$ cat entry_0.txt   # compact mmCIF, C-alpha atoms
# COMPACT_ATOMS: atom_id res chain seq x y z
CA MET U 1 150.43 98.11 56.47
CA ASN U 2 148.81 100.74 58.65
CA ALA U 3 150.93 102.62 61.14
CA GLY U 4 149.21 100.97 64.05
CA ASP U 5 149.43 97.41 62.73
CA ALA U 6 152.46 95.64 64.25
CA MET U 7 154.54 98.76 63.76
CA ALA U 8 158.27 98.21 64.03
CA ARG U 9 159.67 100.26 66.88
CA ILE U 10 163.02 101.45 68.17
CA GLY U 11 164.05 102.14 71.74
CA ARG U 12 166.33 105.13 71.07
CA SER U 13 166.93 107.64 68.26
CA VAL U 14 168.87 106.64 65.15
CA GLY U 15 170.82 108.88 62.77
CA ARG U 16 172.53 112.26 63.08
CA GLY U 17 173.02 113.02 66.77
CA GLY U 18 171.09 109.90 67.78
CA THR U 19 171.85 107.28 70.42
CA ASN U 20 172.32 104.72 67.61
CA ARG U 21 171.94 101.49 69.54
CA PRO U 22 173.10 98.69 67.21
CA ARG U 23 169.75 96.90 67.39
CA ASP U 24 167.84 100.09 66.54
CA VAL U 25 170.18 100.85 63.63
CA VAL U 26 169.46 97.41 62.13
CA VAL U 27 165.72 98.07 62.32
CA ILE U 28 165.99 101.45 60.57
CA ARG U 29 168.16 100.00 57.81
CA TYR U 30 165.56 97.32 57.15
CA LEU U 31 162.69 99.79 57.22
CA LEU U 32 164.48 102.12 54.81
CA ASN U 33 165.14 99.23 52.44
CA GLY U 34 161.42 98.61 52.34
CA HIS U 35 161.23 101.87 50.36
CA ALA U 36 163.92 100.94 47.84
CA ARG U 37 161.56 101.30 44.88
CA GLU U 38 160.77 104.86 45.96
CA LEU U 39 164.41 105.85 46.46
CA PRO U 40 166.35 103.65 44.00
CA ALA U 41 169.31 106.04 43.81
CA ILE U 42 170.34 105.45 47.44
CA LEU U 43 168.60 102.24 48.51
CA PRO U 44 168.93 99.45 49.43
CA LEU U 45 171.50 99.86 52.17
CA PRO U 46 173.71 96.95 53.24
CA VAL U 47 172.66 95.18 56.41
CA GLY U 48 174.60 96.45 59.42
CA ASN U 49 174.34 97.79 62.94
CA ARG U 50 176.40 100.99 62.67
CA CYS U 51 175.23 104.47 61.88
CA ASP U 52 177.34 105.85 59.04
CA SER U 53 177.08 108.64 56.48
CA ASP U 54 175.18 106.40 54.02
CA LEU U 55 172.49 105.73 56.62
CA ILE U 56 172.19 109.41 57.55
CA ASN U 57 172.00 110.42 53.89
CA ALA U 58 169.27 107.83 53.32
CA ILE U 59 167.28 109.16 56.28
CA VAL U 60 167.64 112.71 54.97
CA ALA U 61 166.51 111.66 51.50
CA PHE U 62 163.54 109.77 52.94
CA GLN U 63 162.51 112.73 55.09
CA SER U 64 162.85 115.14 52.18
CA GLN U 65 161.39 113.11 49.31
CA ILE U 66 158.89 110.82 51.04
CA VAL U 67 157.89 112.56 54.27
CA GLY U 68 158.09 116.04 52.73
CA MET U 69 160.11 117.69 55.48
CA GLU U 70 161.47 121.10 54.47
CA GLU U 71 164.38 120.81 56.88
CA PRO U 72 165.18 117.10 57.32
CA ASP U 73 167.30 116.44 60.41
CA GLY U 74 168.62 112.99 59.44
CA ARG U 75 167.35 111.37 62.64
CA VAL U 76 164.59 108.85 63.38
CA ASP U 77 163.02 109.20 66.83
CA PRO U 78 161.07 106.43 68.63
CA ASN U 79 157.77 108.34 68.54
CA GLY U 80 158.45 110.59 65.57
CA GLY U 81 156.76 111.03 62.23
CA THR U 82 159.70 109.62 60.28
CA LEU U 83 159.33 106.25 61.99
CA ARG U 84 155.59 106.23 61.33
CA SER U 85 156.24 106.93 57.66
CA LEU U 86 158.91 104.25 57.48
CA ASN U 87 156.38 101.73 58.74
CA LEU U 88 154.08 102.67 55.85
CA ARG U 89 156.56 100.91 53.59
CA ASP U 90 155.80 99.69 50.12
CA ASP U 91 157.22 96.22 50.85
CA GLN U 92 154.80 94.92 53.45
CA THR U 93 156.67 91.62 53.84
CA LEU U 94 159.66 93.39 55.37
CA ASN U 95 158.67 92.87 58.99
CA HIS U 96 161.61 90.87 60.25
CA TYR U 97 165.39 90.99 60.57
CA TYR U 98 168.30 88.66 61.33
CA PRO U 99 170.23 89.81 64.41
CA GLU U 100 173.34 88.13 65.70
CA GLY U 101 172.78 86.00 68.77
CA ALA U 102 169.13 85.09 68.41
CA GLN U 103 169.87 81.72 66.80
CA ALA U 104 173.00 80.95 68.84
CA PRO U 105 171.15 78.52 71.19
CA LEU U 106 170.81 76.15 68.23
CA ALA U 107 174.44 75.12 68.71
CA ALA U 108 173.83 74.28 72.38
CA ILE U 109 170.82 72.19 71.42
CA ALA U 110 172.90 70.29 68.85
CA ARG U 111 175.66 69.58 71.37
CA ARG U 112 173.35 67.37 73.41
CA TYR U 113 173.24 64.88 70.53
CA ILE U 114 176.99 64.55 70.01
CA GLY U 115 177.90 60.88 70.09
CA ALA U 116 174.48 59.60 69.02
CA THR U 117 175.32 56.71 66.68
CA GLU U 118 173.17 54.74 64.29
CA ARG U 119 173.04 51.00 63.97
CA PRO U 120 174.22 49.56 60.61
CA GLY U 121 172.08 50.59 57.65
CA ASN U 122 170.95 53.96 59.03
CA ARG U 123 168.96 52.31 61.79
CA ALA U 124 168.16 54.00 65.07
CA GLY U 125 168.45 50.92 67.24
CA ASN U 126 167.79 51.47 70.93
CA ASP U 127 169.43 54.91 71.22
CA PRO U 128 166.58 57.28 72.20
CA ARG U 129 168.44 60.21 70.65
CA MET U 130 168.60 58.45 67.30
CA GLN U 131 164.92 57.54 67.54
CA GLU U 132 164.12 61.20 68.22
CA ILE U 133 166.13 62.26 65.15
CA PHE U 134 164.30 59.88 62.83
CA ARG U 135 160.91 60.91 64.20
CA ALA U 136 161.66 64.57 63.44
CA ASP U 137 160.84 64.48 59.71
CA TYR U 138 158.02 63.55 57.36
CA ALA U 139 159.89 60.65 55.77
CA SER U 140 159.19 58.12 58.52
CA PRO U 141 155.37 57.93 58.18
CA ASN U 142 155.66 57.73 54.40
CA ARG U 143 158.02 54.78 54.60
CA GLY U 144 156.13 53.03 57.33
CA ALA U 145 159.30 52.81 59.40
CA THR U 146 161.16 54.96 61.89
CA ASP U 147 164.59 54.86 60.24
CA GLY U 148 166.66 53.46 57.39
CA TYR U 149 167.69 56.55 55.41
CA ALA U 150 170.34 59.29 55.51
CA TRP U 151 169.53 61.55 58.46
CA CYS U 152 171.79 64.64 58.48
CA CYS U 153 168.85 66.89 57.58
CA SER U 154 166.55 65.13 60.03
CA PHE U 155 169.04 66.01 62.76
CA VAL U 156 169.07 69.70 61.80
CA SER U 157 165.26 69.68 61.55
CA LEU U 158 165.02 68.24 65.06
CA CYS U 159 167.37 70.82 66.58
CA THR U 160 165.53 73.64 64.80
CA GLN U 161 162.20 72.33 66.11
CA HIS U 162 163.57 72.55 69.66
CA LEU U 163 164.87 76.08 69.04
CA ILE U 164 161.50 77.29 67.75
CA ALA U 165 159.57 75.60 70.57
CA ARG U 166 161.73 77.18 73.29
CA ASN U 167 162.08 80.70 71.90
CA ALA U 168 159.01 82.87 71.49
CA ILE U 169 160.77 85.12 68.99
CA PHE U 170 160.57 82.29 66.44
CA SER U 171 156.88 81.58 67.00
CA GLY U 172 156.08 82.77 63.48
CA VAL U 173 158.34 80.15 61.90
CA ASN U 174 156.87 76.77 60.97
CA PRO U 175 159.23 74.08 62.31
CA PRO U 176 161.02 72.11 59.58
CA ARG U 177 160.33 68.41 59.20
CA GLU U 178 162.62 67.79 56.25
CA ALA U 179 164.78 64.74 55.55
CA SER U 180 166.04 66.29 52.30
CA VAL U 181 168.82 68.90 52.29
CA THR U 182 167.58 70.28 48.98
CA ARG U 183 164.02 70.71 50.26
CA PHE U 184 165.30 72.33 53.46
CA ARG U 185 167.32 74.87 51.47
CA THR U 186 165.06 75.57 48.49
CA LEU U 187 161.56 75.10 49.92
CA TRP U 188 161.41 75.35 53.70
CA ALA U 189 163.92 78.19 54.25
CA PRO U 190 162.49 80.61 51.63
CA ALA U 191 158.91 79.88 52.74
CA GLN U 192 159.83 80.95 56.30
CA ASN U 193 161.57 84.18 55.17
CA CYS U 194 164.91 82.82 56.33
CA LEU U 195 168.08 84.63 55.38
CA VAL U 196 170.04 82.45 52.95
CA PHE U 197 173.51 83.74 52.11
CA SER U 198 176.85 82.51 50.81
CA VAL U 199 180.29 83.03 52.31
CA SER U 200 181.00 85.61 49.59
CA ASP U 201 178.07 87.78 50.70
CA GLU U 202 179.57 91.12 51.74
CA ALA U 203 176.56 92.05 53.87
CA HIS U 204 176.44 88.93 56.05
CA SER U 205 178.93 86.66 57.81
CA PRO U 206 178.31 83.24 59.41
CA ILE U 207 177.93 83.15 63.18
CA ARG U 208 177.33 80.53 65.85
CA GLY U 209 173.92 78.92 65.48
CA ASP U 210 173.64 79.42 61.72
CA ILE U 211 172.60 76.39 59.70
CA VAL U 212 175.19 75.53 57.04
CA VAL U 213 174.52 73.68 53.79
CA PHE U 214 177.50 72.12 52.06
CA THR U 215 178.27 71.61 48.37
CA PHE U 216 177.98 67.83 48.71
CA SER U 217 174.31 67.59 49.78
CA HIS U 218 175.02 67.69 53.49
CA ILE U 219 173.90 70.02 56.29
CA GLY U 220 174.96 70.96 59.81
CA ILE U 221 174.93 73.61 62.53
CA VAL U 222 177.71 76.17 63.07
CA GLU U 223 179.29 75.99 66.51
CA SER U 224 182.11 78.47 65.90
CA VAL U 225 183.61 80.49 63.06
CA GLY U 226 187.22 80.78 61.97
CA SER U 227 189.14 82.65 59.29
CA ASP U 228 189.28 79.66 56.94
CA GLY U 229 186.08 77.83 57.77
CA VAL U 230 183.52 76.81 60.35
CA GLN U 231 183.39 74.34 63.22
CA THR U 232 180.13 72.44 63.00
CA ILE U 233 177.96 69.81 64.62
CA GLU U 234 176.62 67.39 62.03
CA GLY U 235 174.56 64.23 61.95
CA ASN U 236 175.21 61.15 59.80
CA THR U 237 178.94 61.85 59.48
CA ASN U 238 182.22 60.22 60.54
CA THR U 239 185.89 61.00 61.15
CA ALA U 240 186.52 61.33 57.42
CA GLY U 241 183.68 63.86 57.12
CA SER U 242 181.37 61.74 55.00
CA ARG U 243 177.71 62.63 54.51
CA GLU U 244 176.99 58.92 54.79
CA GLY U 245 178.55 58.34 58.19
CA THR U 246 177.10 56.98 61.41
CA THR U 247 177.34 59.58 64.17
CA VAL U 248 176.59 63.11 65.39
CA MET U 249 180.04 64.71 65.52
CA ARG U 250 181.94 67.97 65.59
CA LYS U 251 183.59 68.71 62.26
CA SER U 252 185.87 71.37 60.73
CA ARG U 253 184.74 72.48 57.27
CA PRO U 254 186.56 74.91 54.93
CA TYR U 255 184.54 77.73 53.41
CA ARG U 256 185.14 76.32 49.92
CA ARG U 257 182.91 73.37 50.82
CA THR U 258 179.99 75.54 51.96
CA ARG U 259 177.08 76.30 49.66
CA CYS U 260 175.14 78.67 51.94
CA PHE U 261 174.16 79.58 55.47
CA ILE U 262 170.59 79.85 56.79
CA ARG U 263 169.35 82.14 59.57
CA LEU U 264 165.80 82.31 60.93
CA PRO U 265 163.84 85.60 60.91
CA VAL U 266 163.12 87.62 64.04
CA PRO U 267 160.22 90.12 64.13
CA LEU U 268 161.26 93.77 63.87
CA THR U 269 159.19 94.41 66.97
CA TYR U 270 161.45 92.17 69.07
CA ASP U 271 164.49 93.52 70.92
CA VAL U 272 166.95 90.62 71.12
CA GLU U 273 169.31 92.54 73.40
CA ASN U 274 166.68 92.89 76.12
CA GLU U 275 164.66 89.78 75.18
CA LEU U 276 161.29 91.50 74.94
CA CYS U 277 159.09 93.18 72.42
CA VAL U 278 160.18 96.78 71.98
CA SER U 279 156.61 97.93 72.54
CA GLU U 280 156.84 96.51 76.09
CA GLN U 281 159.66 98.87 77.13

$ encode --input "entry_0.txt" --output "C-alpha cells"
Amino acid sequence: MNAGDAMARIGRSVGRGGTNRPRDVVVIRYLLNGHARELPAILPLPVGNRCDSDLINAIVAFQSQIVGMEEPDGRVDPNGGTLRSLNLRDDQTLNHYYPEGAQAPLAAIARRYIGATERPGNRAGNDPRMQEIFRADYASPNRGATDGYAWCCSFVSLCTQHLIARNAIFSGVNPPREASVTRFRTLWAPAQNCLVFSVSDEAHSPIRGDIVVFTFSHIGIVESVGSDGVQTIEGNTNTAGSREGTTVMRKSRPYRRTRCFIRLPVPLTYDVENELCVSEQ
C-alpha cells in the first residue's frame, strides 16, 4: 500500500498527550497490529478504544525501530509522519475495523419480521414477509421452488442484505445469500473479512446487531446483551426455541449455547461517530 492509496486517517492525535478519541484509538491499534511481524515483542495489541500504557509503548517502539525517530514522542498526529509510516504496513489486508454501533441497525431491520409465520412444511404461503425471506438465498432457484426448507439462515441473510443496501459503510461487503448456517459461518463471513469471535474472546464482546451462530446449527441476530446470555431475533423457531420452528420470534439464549458472533467490517477511513469518511472532515 502506498501512503496515498486509501490511507487510514484519524481526526485527532492519539497517544501520549493526545486527544485520544475512542474511534481514533481503535484505528491506531489496528494499524499498529499490521506491523506485528516487525515488532513481535510488543504486538499485536488487543482491540480496544482506550489509550493505555501498552498503546503508548507500542507507538514509541514503532517510532524508534520502524520510523527511526531519535526522540520518539509516543503520539500519532493526523498529518504526521508516524501515521504515514503506519499506513505503509506489511499486512495490506488490514484496512478495516469493527466499531460498536455500526451494525446495530440490523436488529431494527429484524424486528420488522417478528411474527412472520410459515405454512406447514416450511412453506411461505401468502405472507409477503415469508416470501421475501425465501427469496433471499440461492437455494430457491436450485430447487425450482420458493420455499420448503429450513429458513433461519435465509432470514439472517435477508436482514443483512437490507443492512448492506442501506448503509454505505458496508458497500465493500458482498451481501450473503446463504440458506446454510455452516456456509454462512465458514465461507461467507471469512470471505468478507468479518470478525468472527466466541464469547470467551477477551478482546471482543457481543453487542446489539451482531449475528450469533448457535451450537445446534441455528443462527439469529442479537437484539440485546445480558450477563448470562443474549436476547435475539430468530427465524424458523418457536416458543421452545427449536431450530425447526415456524416463526420469527424474540428468544433468550444462554452463552453456553452460542458458537460464535459475526460482525461486518467497516473501512478504516470511515468515522462511524460522525457518519462520514474521515478524509471529508

$ closest_residue --input "entry_0.txt" --among "U:Val213, U:Val26, U:Ala150, U:Val14" --to "Gly235 (chain U)" --atoms "only C-alpha atoms"
U:Ala150

$ closest_residue --input "entry_0.txt" --among "U:Glu100, U:Asp52, U:Glu118, U:Glu178" --to "Arg23 (chain U)" --atoms "only C-alpha atoms"
U:Glu100

$ atom_distance --input "entry_0.txt" --atom1 "CA of Ser157 (chain U)" --atom2 "CA of Pro267 (chain U)"
21.2 Å

$ closest_atom_pairs --input "entry_0.txt" --of "region 60-167 of chain U" --to "region 193-210 of chain U" --cutoff "10 Å" --atoms "all atoms listed in the file" --output "JSON lines"
{"residue": "U:Thr93", "atom": "CA", "partner": "U:Asn193", "partner_atom": "CA", "distance": 9.0}
{"residue": "U:Leu94", "atom": "CA", "partner": "U:Asn193", "partner_atom": "CA", "distance": 9.4}
{"residue": "U:Asn95", "atom": "CA", "partner": "U:Asn193", "partner_atom": "CA", "distance": 9.9}
{"residue": "U:His96", "atom": "CA", "partner": "U:Asn193", "partner_atom": "CA", "distance": 8.4}
{"residue": "U:Tyr97", "atom": "CA", "partner": "U:Leu195", "partner_atom": "CA", "distance": 8.6}
{"residue": "U:Tyr98", "atom": "CA", "partner": "U:Leu195", "partner_atom": "CA", "distance": 7.2}
{"residue": "U:Glu100", "atom": "CA", "partner": "U:Ile207", "partner_atom": "CA", "distance": 7.2}
{"residue": "U:Gly101", "atom": "CA", "partner": "U:Arg208", "partner_atom": "CA", "distance": 7.7}
{"residue": "U:Ala102", "atom": "CA", "partner": "U:Gly209", "partner_atom": "CA", "distance": 8.3}
{"residue": "U:Gln103", "atom": "CA", "partner": "U:Gly209", "partner_atom": "CA", "distance": 5.1}
{"residue": "U:Ala104", "atom": "CA", "partner": "U:Gly209", "partner_atom": "CA", "distance": 4.0}
{"residue": "U:Pro105", "atom": "CA", "partner": "U:Gly209", "partner_atom": "CA", "distance": 6.4}
{"residue": "U:Leu106", "atom": "CA", "partner": "U:Gly209", "partner_atom": "CA", "distance": 5.0}
{"residue": "U:Ala107", "atom": "CA", "partner": "U:Gly209", "partner_atom": "CA", "distance": 5.0}
{"residue": "U:Ala108", "atom": "CA", "partner": "U:Gly209", "partner_atom": "CA", "distance": 8.3}
{"residue": "U:Ile109", "atom": "CA", "partner": "U:Gly209", "partner_atom": "CA", "distance": 9.5}
{"residue": "U:Ala110", "atom": "CA", "partner": "U:Gly209", "partner_atom": "CA", "distance": 9.3}
{"residue": "U:Thr160", "atom": "CA", "partner": "U:Gly209", "partner_atom": "CA", "distance": 9.9}

$ write_last_selection --input "entry_0.txt" --atoms "C-alpha atoms" --output "tab-separated table (two decimals), keeping the file's coordinate frame"
chain	number	residue	atom	x	y	z
U	93	THR	CA	156.67	91.62	53.84
U	94	LEU	CA	159.66	93.39	55.37
U	95	ASN	CA	158.67	92.87	58.99
U	96	HIS	CA	161.61	90.87	60.25
U	97	TYR	CA	165.39	90.99	60.57
U	98	TYR	CA	168.30	88.66	61.33
U	100	GLU	CA	173.34	88.13	65.70
U	101	GLY	CA	172.78	86.00	68.77
U	102	ALA	CA	169.13	85.09	68.41
U	103	GLN	CA	169.87	81.72	66.80
U	104	ALA	CA	173.00	80.95	68.84
U	105	PRO	CA	171.15	78.52	71.19
U	106	LEU	CA	170.81	76.15	68.23
U	107	ALA	CA	174.44	75.12	68.71
U	108	ALA	CA	173.83	74.28	72.38
U	109	ILE	CA	170.82	72.19	71.42
U	110	ALA	CA	172.90	70.29	68.85
U	160	THR	CA	165.53	73.64	64.80

$ atom_distance --input "entry_0.txt" --atom1 "CA of Ala124 (chain U)" --atom2 "CA of Arg257 (chain U)"
28.2 Å

$ closest_residue --input "entry_0.txt" --among "U:Pro120, U:Pro254, U:Gly226, U:Gly48" --to "Phe214 (chain U)" --atoms "all atoms listed in the file"
U:Pro254

$ atom_distance --input "entry_0.txt" --atom1 "CA of Val60 (chain U)" --atom2 "CA of Pro40 (chain U)"
14.3 Å

$ residues_around --input "entry_0.txt" --residues "Gln65 (chain U)" --least-positions-apart "4" --cutoff "12 Å" --atoms "all atoms listed in the file" --output "PyMOL selection string"
chain U and resi 35+38-42+57-61+69-72+82+85

$ residues_around --input "entry_0.txt" --residues "Lys251 (chain U)" --least-positions-apart "2" --cutoff "10 Å" --atoms "only C-alpha atoms" --output "PyMOL selection string"
chain U and resi 220-223+230-234+237-241+248-249+253

$ write_last_selection --input "entry_0.txt" --atoms "C-alpha atoms" --output "PDB file, in the coordinates of the input"
ATOM      1  CA  GLY U 220     174.960  70.960  59.810  1.00  0.00           C
ATOM      2  CA  ILE U 221     174.930  73.610  62.530  1.00  0.00           C
ATOM      3  CA  VAL U 222     177.710  76.170  63.070  1.00  0.00           C
ATOM      4  CA  GLU U 223     179.290  75.990  66.510  1.00  0.00           C
ATOM      5  CA  VAL U 230     183.520  76.810  60.350  1.00  0.00           C
ATOM      6  CA  GLN U 231     183.390  74.340  63.220  1.00  0.00           C
ATOM      7  CA  THR U 232     180.130  72.440  63.000  1.00  0.00           C
ATOM      8  CA  ILE U 233     177.960  69.810  64.620  1.00  0.00           C
ATOM      9  CA  GLU U 234     176.620  67.390  62.030  1.00  0.00           C
ATOM     10  CA  THR U 237     178.940  61.850  59.480  1.00  0.00           C
ATOM     11  CA  ASN U 238     182.220  60.220  60.540  1.00  0.00           C
ATOM     12  CA  THR U 239     185.890  61.000  61.150  1.00  0.00           C
ATOM     13  CA  ALA U 240     186.520  61.330  57.420  1.00  0.00           C
ATOM     14  CA  GLY U 241     183.680  63.860  57.120  1.00  0.00           C
ATOM     15  CA  VAL U 248     176.590  63.110  65.390  1.00  0.00           C
ATOM     16  CA  MET U 249     180.040  64.710  65.520  1.00  0.00           C
ATOM     17  CA  ARG U 253     184.740  72.480  57.270  1.00  0.00           C
TER      18      ARG U 253
END

$ decode --input "entry_0.txt" --residues "region 168-196 of chain U" --atoms "N, CA and C atoms" --output "compact mmCIF listing (two decimals), in the first residue's frame"
# COMPACT_ATOMS: atom_id res chain seq x y z
N ALA U 168 -23.86 2.86 3.46
CA ALA U 168 -22.73 2.96 2.54
C ALA U 168 -21.44 2.41 3.14
N ILE U 169 -21.32 2.39 4.45
CA ILE U 169 -20.09 1.90 5.06
C ILE U 169 -19.87 0.41 4.80
N PHE U 170 -20.93 -0.30 4.43
CA PHE U 170 -20.80 -1.73 4.15
C PHE U 170 -20.79 -2.02 2.65
N SER U 171 -20.53 -1.01 1.84
CA SER U 171 -20.60 -1.19 0.39
C SER U 171 -19.55 -2.17 -0.13
N GLY U 172 -18.50 -2.41 0.64
CA GLY U 172 -17.48 -3.35 0.21
C GLY U 172 -17.78 -4.79 0.56
N VAL U 173 -18.90 -5.03 1.22
CA VAL U 173 -19.28 -6.38 1.64
C VAL U 173 -20.28 -6.96 0.66
N ASN U 174 -20.01 -8.14 0.14
CA ASN U 174 -20.95 -8.82 -0.74
C ASN U 174 -22.10 -9.38 0.09
N PRO U 175 -23.34 -9.03 -0.23
CA PRO U 175 -24.47 -9.49 0.59
C PRO U 175 -24.56 -11.02 0.61
N PRO U 176 -24.86 -11.58 1.77
CA PRO U 176 -24.99 -13.05 1.84
C PRO U 176 -26.29 -13.51 1.21
N ARG U 177 -26.25 -14.67 0.59
CA ARG U 177 -27.45 -15.31 0.07
C ARG U 177 -27.39 -16.79 0.45
N GLU U 178 -27.16 -17.02 1.73
CA GLU U 178 -26.94 -18.37 2.23
C GLU U 178 -28.19 -18.92 2.93
N ALA U 179 -28.50 -20.18 2.64
CA ALA U 179 -29.53 -20.90 3.38
C ALA U 179 -28.91 -21.82 4.42
N SER U 180 -27.60 -21.99 4.36
CA SER U 180 -26.88 -22.89 5.25
C SER U 180 -26.13 -22.11 6.32
N VAL U 181 -26.35 -22.47 7.59
CA VAL U 181 -25.65 -21.82 8.69
C VAL U 181 -24.15 -22.08 8.59
N THR U 182 -23.77 -23.30 8.25
CA THR U 182 -22.36 -23.64 8.15
C THR U 182 -21.67 -22.83 7.06
N ARG U 183 -22.31 -22.68 5.90
CA ARG U 183 -21.72 -21.89 4.82
C ARG U 183 -21.63 -20.42 5.22
N PHE U 184 -22.64 -19.93 5.90
CA PHE U 184 -22.62 -18.53 6.34
C PHE U 184 -21.41 -18.29 7.24
N ARG U 185 -21.18 -19.20 8.17
CA ARG U 185 -20.11 -19.03 9.17
C ARG U 185 -18.73 -19.31 8.60
N THR U 186 -18.58 -20.38 7.82
CA THR U 186 -17.25 -20.82 7.41
C THR U 186 -16.82 -20.32 6.04
N LEU U 187 -17.76 -19.91 5.21
CA LEU U 187 -17.41 -19.46 3.86
C LEU U 187 -17.69 -17.97 3.67
N TRP U 188 -18.95 -17.57 3.85
CA TRP U 188 -19.29 -16.17 3.57
C TRP U 188 -18.57 -15.22 4.52
N ALA U 189 -18.68 -15.43 5.82
CA ALA U 189 -18.11 -14.48 6.79
C ALA U 189 -16.61 -14.29 6.63
N PRO U 190 -15.80 -15.35 6.53
CA PRO U 190 -14.36 -15.13 6.34
C PRO U 190 -14.04 -14.44 5.02
N ALA U 191 -14.79 -14.77 3.96
CA ALA U 191 -14.52 -14.17 2.65
C ALA U 191 -14.76 -12.66 2.66
N GLN U 192 -15.63 -12.19 3.56
CA GLN U 192 -15.95 -10.76 3.64
C GLN U 192 -15.13 -10.04 4.71
N ASN U 193 -14.13 -10.71 5.28
CA ASN U 193 -13.31 -10.14 6.35
C ASN U 193 -14.13 -9.79 7.58
N CYS U 194 -15.18 -10.57 7.84
CA CYS U 194 -15.97 -10.35 9.04
C CYS U 194 -15.18 -10.75 10.28
N LEU U 195 -15.49 -10.12 11.38
CA LEU U 195 -14.95 -10.53 12.66
C LEU U 195 -15.79 -11.69 13.18
N VAL U 196 -15.16 -12.82 13.45
CA VAL U 196 -15.84 -13.99 13.99
C VAL U 196 -15.19 -14.30 15.34
